[in-house]
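S.K.: Got a structure for you, upload_21.txt, holding compact mmCIF, C-alpha atoms.
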```txt
# COMPACT_ATOMS: atom_id res chain seq x y z
CA MET F 1 0.00 0.00 0.00
CA GLU F 2 1.35 3.40 -0.96
CA LYS F 3 2.06 5.76 1.92
CA SER F 4 0.09 8.57 0.29
CA GLN F 5 -3.04 6.39 0.24
CA LEU F 6 -2.43 5.26 3.80
CA ARG F 7 -1.99 8.84 4.94
CA GLN F 8 -5.44 9.89 3.69
CA VAL F 9 -7.15 6.91 5.30
CA ILE F 10 -5.44 7.62 8.62
CA ILE F 11 -6.41 11.30 8.53
CA ASP F 12 -10.05 10.35 7.90
CA GLN F 13 -9.98 7.83 10.73
CA GLN F 14 -8.46 10.28 13.24
CA GLU F 15 -11.33 12.67 12.63
CA SER F 16 -13.90 9.89 13.09
CA PHE F 17 -12.24 8.69 16.30
CA ARG F 18 -12.30 12.18 17.83
CA LYS F 19 -16.03 12.70 17.21
CA GLY F 20 -17.94 13.33 20.40
CA ASP F 21 -20.36 10.43 20.12
CA GLU F 22 -22.75 9.75 22.98
CA LEU F 23 -21.02 6.84 24.67
CA VAL F 24 -22.52 4.55 27.29
CA LEU F 25 -20.19 3.75 30.17
CA ARG F 26 -19.45 0.04 30.29
CA ASP F 27 -19.23 -1.96 33.49
CA VAL F 28 -15.52 -2.55 33.03
CA GLU F 29 -12.84 -1.71 35.59
CA LEU F 30 -10.87 0.47 33.16
CA GLU F 31 -8.30 1.62 35.70
CA ARG F 32 -6.97 -1.92 35.82
CA TYR F 33 -6.14 -1.74 32.10
CA LEU F 34 -4.87 1.84 32.04
CA ARG F 35 -2.12 1.05 34.53
CA GLY F 36 1.20 -0.36 33.42
CA ASN F 37 2.78 -0.68 30.00
CA GLU F 38 1.14 -3.97 28.98
CA ILE F 39 -0.61 -4.26 25.64
CA VAL F 40 -4.38 -4.33 26.20
CA ILE F 41 -6.28 -6.70 23.90
CA ILE F 42 -10.06 -6.14 23.82
CA SER F 43 -11.75 -9.22 22.38
CA GLY F 44 -15.41 -9.83 21.59
CA ILE F 45 -17.97 -10.43 18.88
CA ARG F 46 -18.37 -7.91 16.08
CA ARG F 47 -20.50 -4.87 16.95
CA CYS F 48 -20.45 -5.40 20.71
CA GLY F 49 -18.96 -1.94 21.33
CA LYS F 50 -15.20 -2.51 21.20
CA SER F 51 -14.55 0.64 19.15
CA SER F 52 -16.66 2.72 21.53
CA LEU F 53 -14.71 1.30 24.45
CA LEU F 54 -11.49 2.46 22.77
CA LYS F 55 -12.98 5.97 22.68
CA LEU F 56 -13.94 5.75 26.35
CA ILE F 57 -10.39 4.72 27.19
CA ALA F 58 -8.93 7.50 25.03
CA GLY F 59 -11.05 10.02 26.93
CA GLN F 60 -9.25 9.12 30.16
CA LEU F 61 -5.73 9.56 28.80
CA GLU F 62 -3.60 12.66 28.28
CA GLY F 63 -1.34 12.72 25.24
CA VAL F 64 -1.42 11.95 21.53
CA LYS F 65 -3.99 9.28 20.57
CA PHE F 66 -3.31 7.55 17.28
CA TYR F 67 -6.13 5.39 15.91
CA VAL F 68 -6.23 2.85 13.07
CA ASP F 69 -9.25 0.77 12.04
CA PHE F 70 -7.93 -2.27 10.19
CA ASP F 71 -11.47 -3.32 9.28
CA ASP F 72 -11.56 -0.40 6.83
CA ILE F 73 -11.71 -1.89 3.32
CA ARG F 74 -9.30 0.81 2.13
CA LEU F 75 -6.61 -0.93 4.19
CA SER F 76 -7.09 -4.31 2.52
CA ASP F 77 -3.69 -3.89 0.79
CA PHE F 78 -1.88 -3.09 4.03
CA GLU F 79 1.56 -4.73 4.12
CA VAL F 80 4.24 -5.28 6.75
CA LYS F 81 6.26 -2.35 5.39
CA ASN F 82 3.33 -0.05 6.19
CA PHE F 83 3.87 -0.47 9.92
CA GLN F 84 6.84 1.88 9.65
CA ASP F 85 4.70 4.24 7.58
CA LEU F 86 2.21 4.38 10.46
CA GLN F 87 4.90 5.40 12.91
CA ASP F 88 6.15 8.02 10.48
CA LEU F 89 2.60 9.36 10.18
CA VAL F 90 2.33 9.75 13.95
CA ILE F 91 5.27 12.17 13.82
CA GLU F 92 3.99 13.94 10.70
CA LEU F 93 0.42 14.41 11.93
CA TYR F 94 1.16 15.20 15.57
CA ARG F 95 4.55 16.94 15.41
CA GLU F 96 3.23 20.13 16.99
CA GLU F 97 1.54 18.32 19.90
CA LEU F 98 4.59 16.16 20.47
CA ASP F 99 6.87 19.21 20.55
CA LYS F 100 4.65 20.88 23.17
CA SER F 101 4.33 17.74 25.28
CA GLU F 102 6.76 17.21 28.14
CA ASN F 103 7.12 13.48 27.59
CA GLY F 104 5.87 13.14 23.99
CA HIS F 105 3.61 10.26 24.99
CA VAL F 106 1.68 8.49 22.22
CA TYR F 107 -1.14 6.01 22.82
CA TYR F 108 -1.94 3.60 20.01
CA PHE F 109 -5.50 2.38 19.38
CA PHE F 110 -6.02 -0.39 16.81
CA ASP F 111 -9.37 -1.84 15.74
CA GLU F 112 -9.64 -5.42 14.41
CA ILE F 113 -5.88 -5.89 14.59
CA GLN F 114 -6.10 -9.53 13.47
CA ASN F 115 -6.82 -8.36 9.90
CA VAL F 116 -3.19 -7.45 9.20
CA PRO F 117 -0.17 -9.75 8.85
CA LEU F 118 2.41 -10.08 11.64
CA TRP F 119 0.46 -7.69 13.85
CA GLU F 120 1.65 -9.47 16.99
CA ARG F 121 5.33 -8.80 16.19
CA TRP F 122 4.66 -5.15 15.54
CA LEU F 123 2.80 -4.78 18.85
CA ASN F 124 5.70 -6.51 20.52
CA ASN F 125 8.09 -3.93 19.00
CA LEU F 126 5.90 -1.06 20.21
CA TYR F 127 5.87 -2.60 23.69
CA LYS F 128 9.67 -2.79 23.71
CA GLU F 129 9.78 0.89 22.75
CA GLY F 130 7.65 1.70 25.80
CA LYS F 131 4.49 2.51 23.82
CA LYS F 132 1.05 1.85 25.35
CA VAL F 133 -1.19 -0.06 22.93
CA PHE F 134 -4.91 -0.85 23.01
CA ALA F 135 -6.10 -3.26 20.32
CA THR F 136 -9.42 -4.97 19.52
CA GLY F 137 -10.07 -8.27 17.80
CA SER F 138 -13.03 -10.44 16.82
CA ASN F 139 -11.37 -13.85 16.72
CA SER F 140 -10.48 -15.43 20.03
CA GLN F 141 -8.46 -18.32 18.63
CA LEU F 142 -6.25 -16.16 16.43
CA LEU F 143 -5.67 -13.65 19.18
CA SER F 144 -5.02 -16.19 21.92
CA SER F 145 -2.61 -18.26 19.82
CA GLU F 146 -0.59 -15.25 18.73
CA ILE F 147 -0.66 -13.70 22.19
CA SER F 148 0.60 -16.89 23.79
CA THR F 149 3.45 -17.08 21.27
CA PHE F 150 4.69 -13.49 21.14
CA LEU F 151 3.07 -11.48 23.91
CA THR F 152 3.12 -13.73 26.97
CA GLY F 153 3.44 -11.61 30.09
CA ARG F 154 3.21 -8.42 28.06
CA ASN F 155 -0.54 -8.16 27.66
CA LYS F 156 -3.87 -7.91 29.44
CA VAL F 157 -7.01 -9.35 27.81
CA LEU F 158 -10.36 -7.62 28.30
CA LYS F 159 -13.37 -9.68 27.18
CA LEU F 160 -16.23 -7.47 26.04
CA PHE F 161 -19.84 -8.59 25.54
CA PRO F 162 -22.89 -6.89 24.06
CA PHE F 163 -24.69 -4.63 26.56
CA SER F 164 -25.73 -6.13 29.87
CA PHE F 165 -29.20 -5.25 31.14
CA ARG F 166 -27.66 -2.70 33.52
CA GLU F 167 -25.78 -1.07 30.61
CA PHE F 168 -28.98 -1.02 28.54
CA LEU F 169 -30.78 0.78 31.37
CA ARG F 170 -27.89 3.25 31.46
CA LEU F 171 -28.48 3.86 27.74
CA LYS F 172 -32.06 4.75 28.70
CA GLY F 173 -30.86 7.09 31.44
CA ILE F 174 -31.69 4.76 34.36
CA GLU F 175 -29.22 3.84 37.10
CA ILE F 176 -30.24 1.25 39.70
CA THR F 177 -27.99 -0.23 42.34
CA GLY F 178 -28.05 -3.81 43.53
CA GLU F 179 -28.65 -2.47 47.03
CA GLU F 180 -31.90 -0.82 45.89
CA ILE F 181 -33.05 -4.13 44.44
CA GLU F 182 -32.12 -6.19 47.51
CA ALA F 183 -33.65 -3.70 49.94
CA GLY F 184 -36.90 -3.51 47.95
CA LEU F 185 -36.66 0.27 47.55
CA LEU F 186 -38.15 0.45 44.05
CA THR F 187 -41.62 1.93 43.77
CA SER F 188 -44.32 0.10 41.81
CA SER F 189 -44.06 2.55 38.92
CA ARG F 190 -40.26 2.23 38.87
CA LYS F 191 -40.52 -1.57 38.83
CA ALA F 192 -43.01 -1.41 35.97
CA GLU F 193 -40.69 0.88 34.01
CA VAL F 194 -37.67 -1.37 34.57
CA PHE F 195 -39.65 -4.50 33.69
CA SER F 196 -40.86 -2.93 30.44
CA TYR F 197 -37.23 -2.27 29.50
CA PHE F 198 -36.36 -5.83 30.48
CA LEU F 199 -38.95 -7.09 27.99
CA GLU F 200 -37.29 -4.98 25.29
CA TYR F 201 -33.85 -6.25 26.24
CA PHE F 202 -35.12 -9.84 26.36
CA GLU F 203 -36.47 -9.55 22.82
CA ASN F 204 -33.76 -7.46 21.17
CA GLY F 205 -30.55 -8.59 22.86
CA GLY F 206 -27.63 -6.34 23.73
CA PHE F 207 -25.95 -5.13 20.53
CA PRO F 208 -25.50 -1.37 21.16
CA LEU F 209 -26.56 -0.10 17.73
CA VAL F 210 -29.59 -2.41 17.63
CA LEU F 211 -30.77 -0.98 20.95
CA LYS F 212 -29.96 2.62 20.04
CA SER F 213 -31.68 2.46 16.65
CA GLY F 214 -34.48 0.07 17.54
CA ASP F 215 -33.71 -1.80 14.31
CA LEU F 216 -33.58 -5.50 15.21
CA GLU F 217 -32.83 -6.46 11.60
CA LEU F 218 -29.28 -5.13 12.02
CA SER F 219 -28.67 -8.33 13.96
CA ARG F 220 -29.25 -10.43 10.86
CA GLY F 221 -26.60 -8.41 9.03
CA TYR F 222 -24.16 -8.97 11.89
CA PHE F 223 -24.75 -12.71 11.66
CA GLU F 224 -24.05 -12.72 7.92
CA ASP F 225 -20.87 -10.65 8.40
CA ILE F 226 -19.62 -13.02 11.07
CA LEU F 227 -20.24 -16.09 8.93
CA ASN F 228 -18.86 -14.62 5.73
CA LYS F 229 -15.93 -12.51 6.91
CA ASP F 230 -14.85 -14.19 10.13
CA ILE F 231 -15.45 -17.85 9.28
CA LEU F 232 -15.95 -18.65 5.58
CA VAL F 233 -13.15 -16.40 4.30
CA ARG F 234 -10.74 -16.74 7.22
CA TYR F 235 -10.95 -20.53 7.39
CA ASN F 236 -11.40 -21.04 3.64
CA ILE F 237 -14.60 -23.09 4.05
CA LYS F 238 -15.78 -24.92 0.93
CA GLU F 239 -18.98 -26.48 2.33
CA VAL F 240 -20.74 -23.13 2.65
CA ARG F 241 -24.29 -24.47 2.70
CA ALA F 242 -23.47 -27.17 5.26
CA LEU F 243 -21.83 -24.69 7.63
CA LYS F 244 -24.76 -22.27 7.40
CA ASP F 245 -27.24 -25.12 7.96
CA LEU F 246 -25.31 -26.16 11.06
CA ALA F 247 -25.31 -22.61 12.44
CA LEU F 248 -29.05 -22.26 11.75
CA PHE F 249 -29.84 -25.57 13.43
CA LEU F 250 -27.81 -24.74 16.54
CA LEU F 251 -29.31 -21.27 16.86
CA SER F 252 -32.77 -22.82 16.56
CA ASN F 253 -32.01 -25.28 19.37
CA VAL F 254 -30.21 -23.31 22.05
CA GLY F 255 -30.24 -24.93 25.45
CA ARG F 256 -30.82 -28.41 24.04
CA VAL F 257 -28.48 -31.35 24.30
CA TYR F 258 -26.82 -32.46 21.08
CA SER F 259 -24.13 -34.92 20.04
CA TYR F 260 -21.80 -34.97 17.04
CA PRO F 261 -23.61 -37.97 15.45
CA THR F 262 -26.91 -36.09 15.78
CA LEU F 263 -25.45 -33.06 14.04
CA ARG F 264 -24.00 -35.28 11.32
CA ASN F 265 -27.40 -36.82 10.62
CA ILE F 266 -29.15 -33.45 10.53
CA THR F 267 -26.63 -31.50 8.43
CA GLY F 268 -25.33 -34.22 6.16
CA ILE F 269 -21.73 -33.39 7.08
CA LYS F 270 -20.10 -36.82 7.05
CA SER F 271 -16.93 -36.06 9.00
CA LEU F 272 -17.28 -35.70 12.77
CA SER F 273 -13.95 -33.87 12.86
CA THR F 274 -15.34 -31.31 10.38
CA ILE F 275 -18.35 -30.75 12.63
CA LYS F 276 -16.04 -30.29 15.60
CA ASN F 277 -13.94 -27.79 13.63
CA TYR F 278 -17.04 -25.82 12.65
CA LEU F 279 -18.19 -25.67 16.27
CA ASP F 280 -14.74 -24.41 17.24
CA TYR F 281 -14.93 -21.72 14.54
CA PHE F 282 -18.32 -20.56 15.87
CA GLN F 283 -16.84 -20.25 19.35
CA ASN F 284 -13.65 -18.59 18.09
CA VAL F 285 -15.69 -15.68 16.73
CA PHE F 286 -17.87 -15.53 19.87
CA LEU F 287 -21.06 -16.52 18.02
CA LEU F 288 -21.89 -19.83 19.72
CA TYR F 289 -20.72 -21.48 22.93
CA GLN F 290 -20.72 -25.12 24.01
CA LEU F 291 -21.71 -26.07 27.56
CA SER F 292 -20.46 -29.41 28.87
CA ARG F 293 -22.19 -31.75 31.29
CA PHE F 294 -20.42 -31.74 34.64
CA ASP F 295 -18.67 -34.88 35.76
CA TYR F 296 -15.92 -35.41 38.29
CA SER F 297 -14.24 -37.57 35.66
CA LEU F 298 -12.67 -35.32 33.01
CA LYS F 299 -12.66 -38.24 30.57
CA LYS F 300 -16.43 -38.73 30.91
CA GLN F 301 -16.98 -34.98 30.77
CA LYS F 302 -15.17 -34.69 27.43
CA VAL F 303 -17.21 -37.42 25.72
CA SER F 304 -20.63 -36.44 27.11
CA SER F 305 -23.17 -34.55 25.03
CA SER F 306 -23.09 -30.75 25.19
CA LYS F 307 -25.55 -27.89 24.97
CA ILE F 308 -25.24 -24.86 22.73
CA TYR F 309 -25.95 -21.18 23.44
CA THR F 310 -25.47 -17.96 21.50
CA ILE F 311 -23.85 -14.70 22.52
CA ASP F 312 -26.95 -12.56 21.95
CA ASN F 313 -30.71 -13.07 22.13
CA SER F 314 -31.30 -11.01 18.99
CA PHE F 315 -30.08 -13.93 16.85
CA LEU F 316 -32.90 -16.05 18.26
CA LYS F 317 -35.39 -13.61 16.73
CA THR F 318 -33.70 -12.68 13.46
CA VAL F 319 -31.84 -15.85 12.44
CA ALA F 320 -33.17 -18.91 14.30
CA PHE F 321 -35.94 -20.96 12.74
CA ASN F 322 -38.67 -21.69 15.29
CA PHE F 323 -42.19 -23.03 15.16
CA SER F 324 -43.08 -21.56 18.56
CA GLU F 325 -42.20 -18.51 20.65
CA ASN F 326 -39.42 -20.47 22.45
CA LYS F 327 -39.63 -18.08 25.41
CA GLY F 328 -38.02 -20.57 27.79
CA GLN F 329 -35.01 -21.13 25.52
CA ARG F 330 -34.46 -17.40 25.14
CA LEU F 331 -34.66 -16.82 28.89
CA GLU F 332 -32.16 -19.62 29.49
CA ASN F 333 -29.84 -18.17 26.84
CA LEU F 334 -30.01 -14.74 28.49
CA VAL F 335 -28.97 -16.24 31.82
CA PHE F 336 -26.12 -18.18 30.19
CA VAL F 337 -24.66 -15.03 28.60
CA GLU F 338 -24.86 -13.13 31.90
CA LEU F 339 -23.02 -15.95 33.68
CA LEU F 340 -20.33 -15.77 31.00
CA ARG F 341 -20.14 -12.02 31.52
CA ARG F 342 -19.63 -12.63 35.23
CA GLU F 343 -16.74 -14.96 34.34
CA LYS F 344 -18.29 -18.04 35.92
CA GLU F 345 -17.04 -21.56 35.16
CA LEU F 346 -20.21 -23.23 33.86
CA TYR F 347 -21.62 -26.71 33.28
CA TYR F 348 -25.05 -28.31 33.18
CA HIS F 349 -26.16 -31.14 35.46
CA SER F 350 -27.84 -34.28 34.18
CA GLU F 351 -28.43 -37.57 35.99
CA LYS F 352 -32.02 -38.70 36.53
CA LYS F 353 -33.11 -35.07 36.41
CA GLU F 354 -31.56 -32.00 34.82
CA CYS F 355 -30.42 -28.64 36.17
CA ASP F 356 -29.62 -25.91 33.65
CA PHE F 357 -26.45 -24.47 35.20
CA VAL F 358 -24.00 -25.55 37.88
CA LEU F 359 -21.18 -23.15 38.73
CA ARG F 360 -17.76 -24.38 39.72
CA GLU F 361 -15.25 -22.49 41.83
CA ARG F 362 -11.87 -24.15 42.27
CA LEU F 363 -12.56 -27.83 43.05
CA ARG F 364 -16.24 -27.74 43.91
CA ILE F 365 -19.66 -26.80 42.59
CA ASN F 366 -20.83 -23.87 44.70
CA GLU F 367 -24.08 -22.81 43.01
CA VAL F 368 -26.92 -24.38 41.02
CA ILE F 369 -29.36 -22.42 38.85
CA GLN F 370 -32.54 -23.53 37.10
CA VAL F 371 -34.34 -21.33 34.56
CA SER F 372 -38.09 -21.49 33.92
CA VAL F 373 -40.48 -18.96 32.39
CA ASN F 374 -42.95 -19.62 35.23
CA LEU F 375 -43.91 -22.22 37.80
CA SER F 376 -47.69 -21.89 37.49
CA ASN F 377 -48.09 -25.34 35.94
CA PRO F 378 -47.84 -27.98 38.72
CA GLU F 379 -45.97 -30.43 36.47
CA THR F 380 -43.46 -27.76 35.42
CA LYS F 381 -42.95 -26.69 39.02
CA LYS F 382 -42.39 -30.30 40.12
CA ARG F 383 -39.87 -30.91 37.33
CA GLU F 384 -37.88 -27.74 37.93
CA ILE F 385 -37.73 -28.20 41.71
CA GLU F 386 -36.74 -31.85 41.41
CA GLY F 387 -33.92 -30.87 39.03
CA VAL F 388 -32.57 -28.28 41.48
CA ILE F 389 -32.94 -30.64 44.45
CA GLU F 390 -31.05 -33.41 42.66
CA ALA F 391 -28.19 -31.04 41.78
CA MET F 392 -28.08 -29.58 45.31
CA THR F 393 -27.94 -33.09 46.75
CA ALA F 394 -25.27 -34.23 44.30
CA TYR F 395 -22.99 -31.30 45.16
CA LYS F 396 -23.87 -31.09 48.87
CA LEU F 397 -25.48 -27.62 48.74
CA ASP F 398 -28.15 -26.29 51.09
CA SER F 399 -29.64 -23.72 48.72
CA GLY F 400 -30.42 -23.33 45.03
CA LEU F 401 -31.86 -20.72 42.66
CA ILE F 402 -34.72 -20.81 40.16
CA LEU F 403 -34.87 -17.81 37.81
CA THR F 404 -38.26 -17.00 36.30
CA PHE F 405 -39.83 -14.28 34.22
CA GLU F 406 -41.74 -12.59 37.06
CA GLU F 407 -42.30 -14.94 39.99
CA GLU F 408 -40.65 -14.44 43.37
CA ASP F 409 -40.80 -16.90 46.26
CA ILE F 410 -38.84 -19.06 48.67
CA GLN F 411 -39.43 -22.82 48.63
CA ASN F 412 -38.28 -25.26 51.31
CA SER F 413 -38.04 -28.93 50.50
CA GLY F 414 -36.36 -31.62 52.57
CA GLY F 415 -34.32 -29.09 54.53
CA LYS F 416 -33.10 -27.38 51.37
CA LYS F 417 -33.89 -23.78 50.45
CA ILE F 418 -34.85 -22.80 46.91
CA VAL F 419 -34.98 -19.10 46.07
CA VAL F 420 -37.30 -18.18 43.18
CA LYS F 421 -36.37 -14.85 41.65
CA PRO F 422 -37.26 -12.81 38.51
CA VAL F 423 -34.44 -12.74 35.98
CA TRP F 424 -34.55 -8.94 35.69
CA LYS F 425 -33.74 -8.56 39.39
CA TRP F 426 -30.95 -11.12 39.22
CA LEU F 427 -29.43 -9.30 36.21
CA LEU F 428 -29.15 -6.11 38.29
CA GLU F 429 -27.48 -7.70 41.32
```
Here is the file; what I need is its structure written in the form of structure tokens.
M.R.:
Amino acid sequence: MEKSQLRQVIIDQQESFRKGDELVLRDVELERYLRGNEIVIISGIRRCGKSSLLKLIAGQLEGVKFYVDFDDIRLSDFEVKNFQDLQDLVIELYREELDKSENGHVYYFFDEIQNVPLWERWLNNLYKEGKKVFATGSNSQLLSSEISTFLTGRNKVLKLFPFSFREFLRLKGIEITGEEIEAGLLTSSRKAEVFSYFLEYFENGGFPLVLKSGDLELSRGYFEDILNKDILVRYNIKEVRALKDLALFLLSNVGRVYSYPTLRNITGIKSLSTIKNYLDYFQNVFLLYQLSRFDYSLKKQKVSSSKIYTIDNSFLKTVAFNFSENKGQRLENLVFVELLRREKELYYHSEKKECDFVLRERLRINEVIQVSVNLSNPETKKREIEGVIEAMTAYKLDSGLILTFEEEDIQNSGGKKIVVKPVWKWLLE
């Protein structure tokens, strides 16, 4: 790429980066990442707000801020030699500011860094020169493999998700503390307002632009971009139809147990290793996640059937193929994503009964969670409680949690306590 072309693109991007967009504060402990000289890698699915987070970070720093968006199609011819051009452009564009500055500090901000060759070596060079770098990426496998090879001990990884419910409320100008929820300080009208926003969040997911614009169809475009740009092109997939059919089937069956032979029969993909690779690709780009059945034997755990979930509820409305409203699946998916956001180590429990989520801390299961739209049907209530009781008994716990759409209660059975709580309240804890 010619330097003159690169220069114009960079000038355009600097102006865009400096625009005073209305940014929603994210529930991220930024100070932890601002300290030190380590390279900060922000990873997450496309359109979850990584670029906006870079702007939020830039707003807290004093000095020259140099921004490059490598997802810009005009940089598709970017070559290794252009890295030096970028450093030259920093001096050319910011000479006056650097001359006035006492320490001449430059902060580098790079979007979708994985799109350029040998990016990890260049970041390593910047680190050695004492430069502070913030970079985003939309492919966990590529980033983690390159980080482990070249940047071990020189980086901090920040995992970013689409908006949480609390962040969505912040977008709407509402701030509620967990203490207010626990103490029951919300008025009836305030509860009604928050619950109405929860219904919107439940339906539309957490992609920032989808929520800001109210255009749920944007989600379908995100899905197509992820499949085409991040999977089909990057991994050179030939069986395009088969991969898309697999993604559609999994999105249409979130929360359900599947096995590789089942997926082979449904999709027509003959190779089990190919199916496994495709599932890995989906997880690498943060689209779909696999949840394993818990077992104290790692060998049994690895061969047991898994469940699948998706990173955002919007896909269950715009992409998934469903014959019914699938409200229970969507509620379960919402809880799964929040548990991921809270960095919990997750499994599902299945023996005679089933419990949706069991949470492990160190060497033991310390929490069990069941998800149900409601418990008004006696058979449903019996099934859900029996599933929680079995899991609590198996892991020697005295209490368990059932998350519902609106119900709130405390159940006692056989000396064990079961808290029934609305999902919207739990999301705000």
S.K.: Which one of F:Gln114, F:Asn125, F:Asn374, F:Thr267 sits closest to Gln84 of chain F if you count only C-alpha atoms?
M.R.: F:Asn125
S.K.: Separation of atom CA of Leu142 of chain F and atom CA of Arg241 of chain F, in Å?
M.R.: 24.1 Å
S.K.: Report, in Å with one decimal, the straight-line distance from atom CA of Met392 of chain F to atom CA of Lys421 of chain F.
M.R.: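 One can read the atom CA of Met392 of chain F to atom CA of Lys421 of chain F distance as 17.3 Å.
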S.K.: Counting only C-alpha atoms, figure out which residue out of F:Ser273, F:Gln370, F:Ser219, F:Ser189 gets nearest to Asn204 of chain F.
M.R.: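 Closest residue, counting only C-alpha atoms: F:Ser219.
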S.K.: Counting only C-alpha atoms, which residues of segment 176-216 of chain F fall within 12 Å of segment 10-31 of chain F, and what is the closest atom pair for each with its distance in Å at one decimal, ordered by chain and rising number, as CSV?
M.R.:
```
residue,atom,partner,partner_atom,distance
F:Pro208,CA,F:Val24,CA,9.0
F:Leu209,CA,F:Leu23,CA,11.3
F:Leu211,CA,F:Val24,CA,11.8
F:Lys212,CA,F:Glu22,CA,10.6
```
S.K.: Using all atoms listed in the file, determine which residues lie at most 9 Å from Gln411 of chain F, disregarding the query and same-chain residues fewer than 3 positions distant; provide the list as a PyMOL selection string.
M.R.: chain F and resi 385+416-420
S.K.: Restrict the selected residues to C-alpha atoms and save them as a compact mmCIF listing (two decimals), in the coordinates of the input.
M.R.:
```
# COMPACT_ATOMS: atom_id res chain seq x y z
CA ILE F 385 -37.73 -28.20 41.71
CA LYS F 416 -33.10 -27.38 51.37
CA LYS F 417 -33.89 -23.78 50.45
CA ILE F 418 -34.85 -22.80 46.91
CA VAL F 419 -34.98 -19.10 46.07
CA VAL F 420 -37.30 -18.18 43.18
```
S.K.: At what distance in Å, to one decimal, does atom CA of Leu250 of chain F lie from atom CA of Phe321 of chain F?
M.R.: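 Computed distance, atom CA of Phe321 of chain F to atom CA of Leu250 of chain F, equals 9.7 Å.
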S.K.: If we count all atoms listed in the file, what is near Arg341 of chain F at a cut-off of 9 Å, once residues fewer than 5 positions away on the same chain are taken out, given as an MDAnalysis selection string?
M.R.: chainID F and resid 159:161 164 336
S.K.: For Pro162 of chain F, list every protein, DNA or RNA residue within 12 Å, evaluated using all atoms listed in the file, and leave out those in the same chain fewer than 6 positions away; present the list as a VMD selection string.
M.R.: chain F and resid 24 26 to 27 43 to 50 52 to 53 168 201 204 to 211 219 286 to 287 310 to 314 334 337 to 338 340 to 341
S.K.: Check the smallest atom-to-atom distance from each of F:Ala320, F:Ala192, F:Leu199, F:Ile226 to Asp245 of chain F using only C-alpha atoms, then report the winner.
M.R.: F:Ala320
S.K.: Could you check the closest approach to Gln329 of chain F for each of F:Gln5, F:Asn366, F:Thr404, F:Asn377 and tell me which residue wins, using all atoms listed in the file?
M.R.: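 Closest to Gln329 of chain F, using all atoms listed in the file: F:Thr404.
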S.K.: Which residue gives the smallest distance to Phe134 of chain F among F:Leu272, F:Leu251, F:Ile176, F:Val40, with all atoms listed in the file counted?
M.R.: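 Looking at the shortest contact to Phe134 of chain F, the residue is F:Val40.
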S.K.: May I have the centre and edge lengths, in Å to one decimal, of an axis-aligned box around the listed atoms of segment 342-347 of chain F with 8 Å added to every side, as AutoDock Vina command-line options?
M.R.:
```
--center_x -19.2 --center_y -19.7 --center_z 34.6 --size_x 20.9 --size_y 30.1 --size_z 18.6
```
S.K.: Is it possible to produce a file of segment 140-174 of chain F from this structure, with C-alpha atoms, as a short mmCIF file (atom, residue, chain, number, x, y, z; two decimals), in the first residue's frame?
M.R.:
```cif
data_model
loop_
_atom_site.label_atom_id
_atom_site.label_comp_id
_atom_site.auth_asym_id
_atom_site.auth_seq_id
_atom_site.Cartn_x
_atom_site.Cartn_y
_atom_site.Cartn_z
CA SER F 140 -10.48 -15.43 20.03
CA GLN F 141 -8.46 -18.32 18.63
CA LEU F 142 -6.25 -16.16 16.43
CA LEU F 143 -5.67 -13.65 19.18
CA SER F 144 -5.02 -16.19 21.92
CA SER F 145 -2.61 -18.26 19.82
CA GLU F 146 -0.59 -15.25 18.73
CA ILE F 147 -0.66 -13.70 22.19
CA SER F 148 0.60 -16.89 23.79
CA THR F 149 3.45 -17.08 21.27
CA PHE F 150 4.69 -13.49 21.14
CA LEU F 151 3.07 -11.48 23.91
CA THR F 152 3.12 -13.73 26.97
CA GLY F 153 3.44 -11.61 30.09
CA ARG F 154 3.21 -8.42 28.06
CA ASN F 155 -0.54 -8.16 27.66
CA LYS F 156 -3.87 -7.91 29.44
CA VAL F 157 -7.01 -9.35 27.81
CA LEU F 158 -10.36 -7.62 28.30
CA LYS F 159 -13.37 -9.68 27.18
CA LEU F 160 -16.23 -7.47 26.04
CA PHE F 161 -19.84 -8.59 25.54
CA PRO F 162 -22.89 -6.89 24.06
CA PHE F 163 -24.69 -4.63 26.56
CA SER F 164 -25.73 -6.13 29.87
CA PHE F 165 -29.20 -5.25 31.14
CA ARG F 166 -27.66 -2.70 33.52
CA GLU F 167 -25.78 -1.07 30.61
CA PHE F 168 -28.98 -1.02 28.54
CA LEU F 169 -30.78 0.78 31.37
CA ARG F 170 -27.89 3.25 31.46
CA LEU F 171 -28.48 3.86 27.74
CA LYS F 172 -32.06 4.75 28.70
CA GLY F 173 -30.86 7.09 31.44
CA ILE F 174 -31.69 4.76 34.36
#
```
